Every structure is written in C-alpha cells, then in structure tokens.
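Structure data (mmCIF, C-alpha atoms) from my_file.cif:
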```cif
data_my_file
#
loop_
_atom_site.label_atom_id
_atom_site.label_comp_id
_atom_site.auth_asym_id
_atom_site.auth_seq_id
_atom_site.Cartn_x
_atom_site.Cartn_y
_atom_site.Cartn_z
CA MET A 1 100.81 60.53 90.22
CA ARG A 2 99.66 57.22 88.72
CA VAL A 3 95.92 57.76 88.99
CA GLY A 4 94.96 54.40 87.48
CA LEU A 5 97.02 52.52 90.07
CA LEU A 6 95.54 54.60 92.89
CA ARG A 7 92.00 53.97 91.63
CA THR A 8 92.71 50.23 91.44
CA VAL A 9 94.11 50.16 94.98
CA GLY A 10 91.11 52.17 96.14
CA ALA A 11 88.57 49.91 94.45
CA THR A 12 90.24 46.74 95.74
CA THR A 13 90.48 48.14 99.26
CA ALA A 14 86.85 49.26 99.21
CA LEU A 15 85.62 45.87 98.03
CA TYR A 16 87.71 44.03 100.61
CA GLY A 17 86.50 46.36 103.34
CA LEU A 18 82.88 45.78 102.39
CA ALA A 19 83.42 42.01 102.27
CA VAL A 20 85.04 41.94 105.72
CA THR A 21 82.33 44.21 107.10
CA ALA A 22 79.79 41.62 105.99
CA TRP A 23 81.95 38.55 106.78
CA PRO A 24 84.59 39.36 109.44
CA ASP A 25 85.84 35.77 109.30
CA LEU A 26 87.61 36.72 106.03
CA LEU A 27 90.08 38.70 108.14
CA ALA A 28 89.80 36.93 111.48
CA LYS A 29 90.76 33.43 110.35
CA PRO A 30 93.90 34.28 108.33
CA SER A 31 94.98 36.61 111.14
CA GLY A 32 94.76 33.86 113.74
CA LEU A 33 91.87 35.47 115.58
CA ALA A 34 89.67 32.38 115.41
CA ASP A 35 89.34 29.88 118.25
CA GLU A 36 91.16 26.55 118.09
CA ASP A 37 88.06 25.02 116.49
CA GLY A 38 88.00 27.74 113.79
CA ALA A 39 85.09 29.68 115.27
CA VAL A 40 85.28 33.47 115.36
CA GLY A 41 83.82 34.96 118.50
CA ALA A 42 81.18 37.67 118.49
CA ALA A 43 83.53 40.17 120.17
CA THR A 44 86.12 39.64 117.44
CA ARG A 45 83.51 40.13 114.70
CA ILE A 46 82.27 43.32 116.38
CA SER A 47 85.84 44.63 116.69
CA LEU A 48 86.80 43.91 113.08
CA ARG A 49 83.79 45.51 111.41
CA PRO A 50 84.79 49.14 112.13
CA LEU A 51 88.30 48.40 110.86
CA ALA A 52 86.85 46.94 107.69
CA TRP A 53 84.44 49.86 107.28
CA ARG A 54 87.43 52.24 107.56
CA ASP A 55 89.06 50.35 104.70
CA ALA A 56 85.89 50.53 102.64
CA ALA A 57 85.57 54.28 103.21
CA SER A 58 89.22 55.09 102.52
CA GLY A 59 89.25 52.90 99.43
CA LEU A 60 86.09 54.54 98.13
CA ALA A 61 87.67 57.96 98.72
CA MET A 62 90.66 56.93 96.59
CA LEU A 63 88.32 55.66 93.91
CA VAL A 64 86.18 58.80 93.57
CA ALA A 65 88.35 61.70 94.75
CA PRO A 66 89.14 64.22 92.03
CA GLU A 67 92.69 64.05 90.76
CA GLY A 68 94.92 66.46 92.66
CA PRO A 69 94.94 67.39 96.33
CA ALA A 70 91.83 65.37 97.19
CA LEU A 71 93.26 62.16 95.74
CA ARG A 72 96.64 62.80 97.37
CA THR A 73 94.92 63.29 100.73
CA ALA A 74 92.79 60.16 100.36
CA THR A 75 95.91 58.20 99.43
CA ALA A 76 97.86 59.59 102.40
CA VAL A 77 95.06 58.45 104.71
CA ARG A 78 95.17 54.99 103.15
CA ILE A 79 98.96 54.81 103.51
CA ALA A 80 98.71 55.85 107.16
CA ALA A 81 96.08 53.16 107.77
CA ASP A 82 98.22 50.48 106.09
CA LEU A 83 101.32 51.45 108.05
CA GLY A 84 99.29 51.56 111.26
CA ASP A 85 97.94 48.09 110.50
CA ALA A 86 101.48 46.83 109.90
CA ALA A 87 102.72 48.25 113.19
CA LEU A 88 99.77 47.22 115.34
CA LEU A 89 99.11 43.80 113.83
CA GLY A 90 102.83 43.12 113.71
CA LEU A 91 103.04 43.71 117.43
CA THR A 92 99.81 42.13 118.60
CA LEU A 93 98.66 39.16 116.52
CA PRO A 94 98.94 35.94 118.51
CA ASP A 95 101.17 33.96 116.11
CA ARG A 96 104.61 34.99 114.77
CA ASP A 97 104.01 33.69 111.22
CA ARG A 98 100.68 35.50 111.03
CA ARG A 99 102.29 38.70 112.31
CA ILE A 100 104.89 38.49 109.55
CA LYS A 101 102.24 37.88 106.89
CA ALA A 102 100.05 40.72 108.19
CA VAL A 103 102.99 43.12 108.12
CA ALA A 104 103.93 42.01 104.60
CA VAL A 105 100.38 42.46 103.30
CA SER A 106 99.90 45.83 105.01
CA VAL A 107 103.27 47.20 103.91
CA GLY A 108 102.70 45.82 100.42
CA TRP A 109 99.40 47.66 100.00
CA GLY A 110 100.89 50.80 101.49
CA ALA A 111 103.82 50.55 99.08
CA LEU A 112 101.46 50.26 96.09
CA SER A 113 99.80 53.47 97.23
CA VAL A 114 103.18 55.18 97.63
CA VAL A 115 104.19 54.09 94.12
CA GLY A 116 100.90 55.42 92.78
CA LEU A 117 101.27 58.67 94.65
CA LEU A 118 104.90 59.33 93.71
CA GLY A 119 104.98 57.67 90.30
CA ARG A 120 104.77 59.57 87.07
CA ARG A 121 101.88 59.09 84.71
CA GLY A 122 102.88 57.22 81.58
CA PRO A 123 102.61 58.69 78.07
CA ARG A 124 99.10 59.21 76.75
#
```

Take the structure I supplied and represent it as structure tokens, if you would.
Amino acid sequence: MRVGLLRTVGATTALYGLAVTAWPDLLAKPSGLADEDGAVGAATRISLRPLAWRDAASGLAMLVAPEGPALRTATAVRIAADLGDAALLGLTLPDRDRRIKAVAVSVGWGALSVVGLLGRRGPR
C-alpha cells in the first residue's frame, strides 16, 4: 500500500468536498448543471452539497485512518464513490462532452486510489 499517495488523494478529495459544499457552483458549472445564463439554481445547489460532503468525509477518512484495514476500508469506500460518480454522471449529465470529462475525472481519481491501495511502498 502506498500510504503517502492515499493520504494525498484523501486530503485533496476532502478539500475539494469542503469547497464544493461551500460553493456548489465549483461542481455545477463544469458539469453543465448551470442555466444557459450561467446561474446555478437553488435545487441544484441543495442537491450537490450532500455529494460534496460525502467526498469531504471519505477524503478525511483516507487522510486520518490508521494504516492497515481502516485505511483500506476508507479507500475502498472512496473508490466505490468515484466509480459510482463515473457511472451515474456518465449516464445522466446533460451534455456528451461533459459526461466524458466527468467519467474521465471520476475514473482517474478512482484509479489513483487503486494504485495507492495495490501499490508497494517504496524503499525507506
């Protein structure tokens, strides 16, 4: 297990989740969930905040979980969330190009977690 990589993914995910919880437009606009004039509706903001909070919580778990089963479990939860995001956003976002980008980003982050989980720690 590459603990440093997992901690970095966790920290980055937690910070992004907190940022989107505070400012849902950070996710809504690149995902194509804004109106034609660029405004993000209240219902969209309300819907994105729990998703972002999930990312913050799972990232924090990866950051602070003790090395071993707890960190593996936190990472598995994060991977499942990323793959779920890829599947659901890939099927439901309103624009084909944005669906492709969302899948790429979600699978990319999931892949980093898989590499961290399955990779061997380098020499000390």

Just so the selection is clear, what residues does the PyMOL selection byres ((chain A and resi 104) around 12) cover here, as a short mmCIF file (atom, residue, chain, number, x, y, z; two decimals) with C-alpha atoms, keeping the file's coordinate frame?
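Output saved as result-v5.cif:
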```
data_model
loop_
_atom_site.label_atom_id
_atom_site.label_comp_id
_atom_site.auth_asym_id
_atom_site.auth_seq_id
_atom_site.Cartn_x
_atom_site.Cartn_y
_atom_site.Cartn_z
CA ASP A 82 98.22 50.48 106.09
CA LEU A 83 101.32 51.45 108.05
CA ASP A 85 97.94 48.09 110.50
CA ALA A 86 101.48 46.83 109.90
CA ALA A 87 102.72 48.25 113.19
CA LEU A 89 99.11 43.80 113.83
CA GLY A 90 102.83 43.12 113.71
CA ASP A 97 104.01 33.69 111.22
CA ARG A 98 100.68 35.50 111.03
CA ARG A 99 102.29 38.70 112.31
CA ILE A 100 104.89 38.49 109.55
CA LYS A 101 102.24 37.88 106.89
CA ALA A 102 100.05 40.72 108.19
CA VAL A 103 102.99 43.12 108.12
CA VAL A 105 100.38 42.46 103.30
CA SER A 106 99.90 45.83 105.01
CA VAL A 107 103.27 47.20 103.91
CA GLY A 108 102.70 45.82 100.42
CA TRP A 109 99.40 47.66 100.00
CA GLY A 110 100.89 50.80 101.49
CA ALA A 111 103.82 50.55 99.08
#
```

Query - Residues within 10 Å of segment 41-43 of chain A, only C-alpha atoms, excluding chain neighbours under 4 positions, as a list in words - result: Pro24, Asp25, Ala28, Leu33, Ala34, Asp35, Ser47 and Leu48 of chain A

Report task. Would you work out the distance separating atom CA of Thr21 of chain A from atom CA of Pro50 of chain A, expressed in Å to one decimal? Result -> 7.5 Å

Query raised in the report: Which residue gives the smallest distance to Leu6 of chain A among A:Val77, A:Leu118, A:Ala57, A:Leu63, with all atoms listed in the file counted?
Result: A:Leu63

Report task. Measure the distance from atom CA of Arg121 of chain A to atom CA of Arg7 of chain A in Å and round it to one decimal. Result -> 13.1 Å

Query raised in the report: Written as JSON, numbers by chain, what is the full residue list that the PyMOL selection byres ((chain A and resi 65-69) around 12) yields on the file shown?
Result: {"A": [1, 2, 3, 4, 6, 7, 10, 11, 57, 58, 59, 60, 61, 62, 63, 64, 70, 71, 72, 73, 74, 75, 76, 117]}

Query - One-decimal distance in Å that lies between atom CA of Val9 of chain A and atom CA of Ser113 of chain A - result: 7.0 Å

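Each of A:Val20, A:Leu93, A:Val40, A:Ala56 was compared to Ala81 of chain A using all atoms listed in the file, and A:Ala56 turns out to be the nearest.
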
Please report, as AutoDock Vina command-line options, the centre and edge lengths in Å to one decimal of an axis-aligned box covering all listed atoms of segment 10-18 of chain A with 5 Å per side.
```
--center_x 87.0 --center_y 48.1 --center_z 98.9 --size_x 18.2 --size_y 18.1 --size_z 18.9
```

Query raised in the report: So which one's closest to Leu51 of chain A, A:Gly32, A:Arg120, A:Gly17, A:Gly84? Using all atoms listed in the file, please.
Result: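 Among the listed residues, the smallest separation from Leu51 of chain A belongs to A:Gly17.
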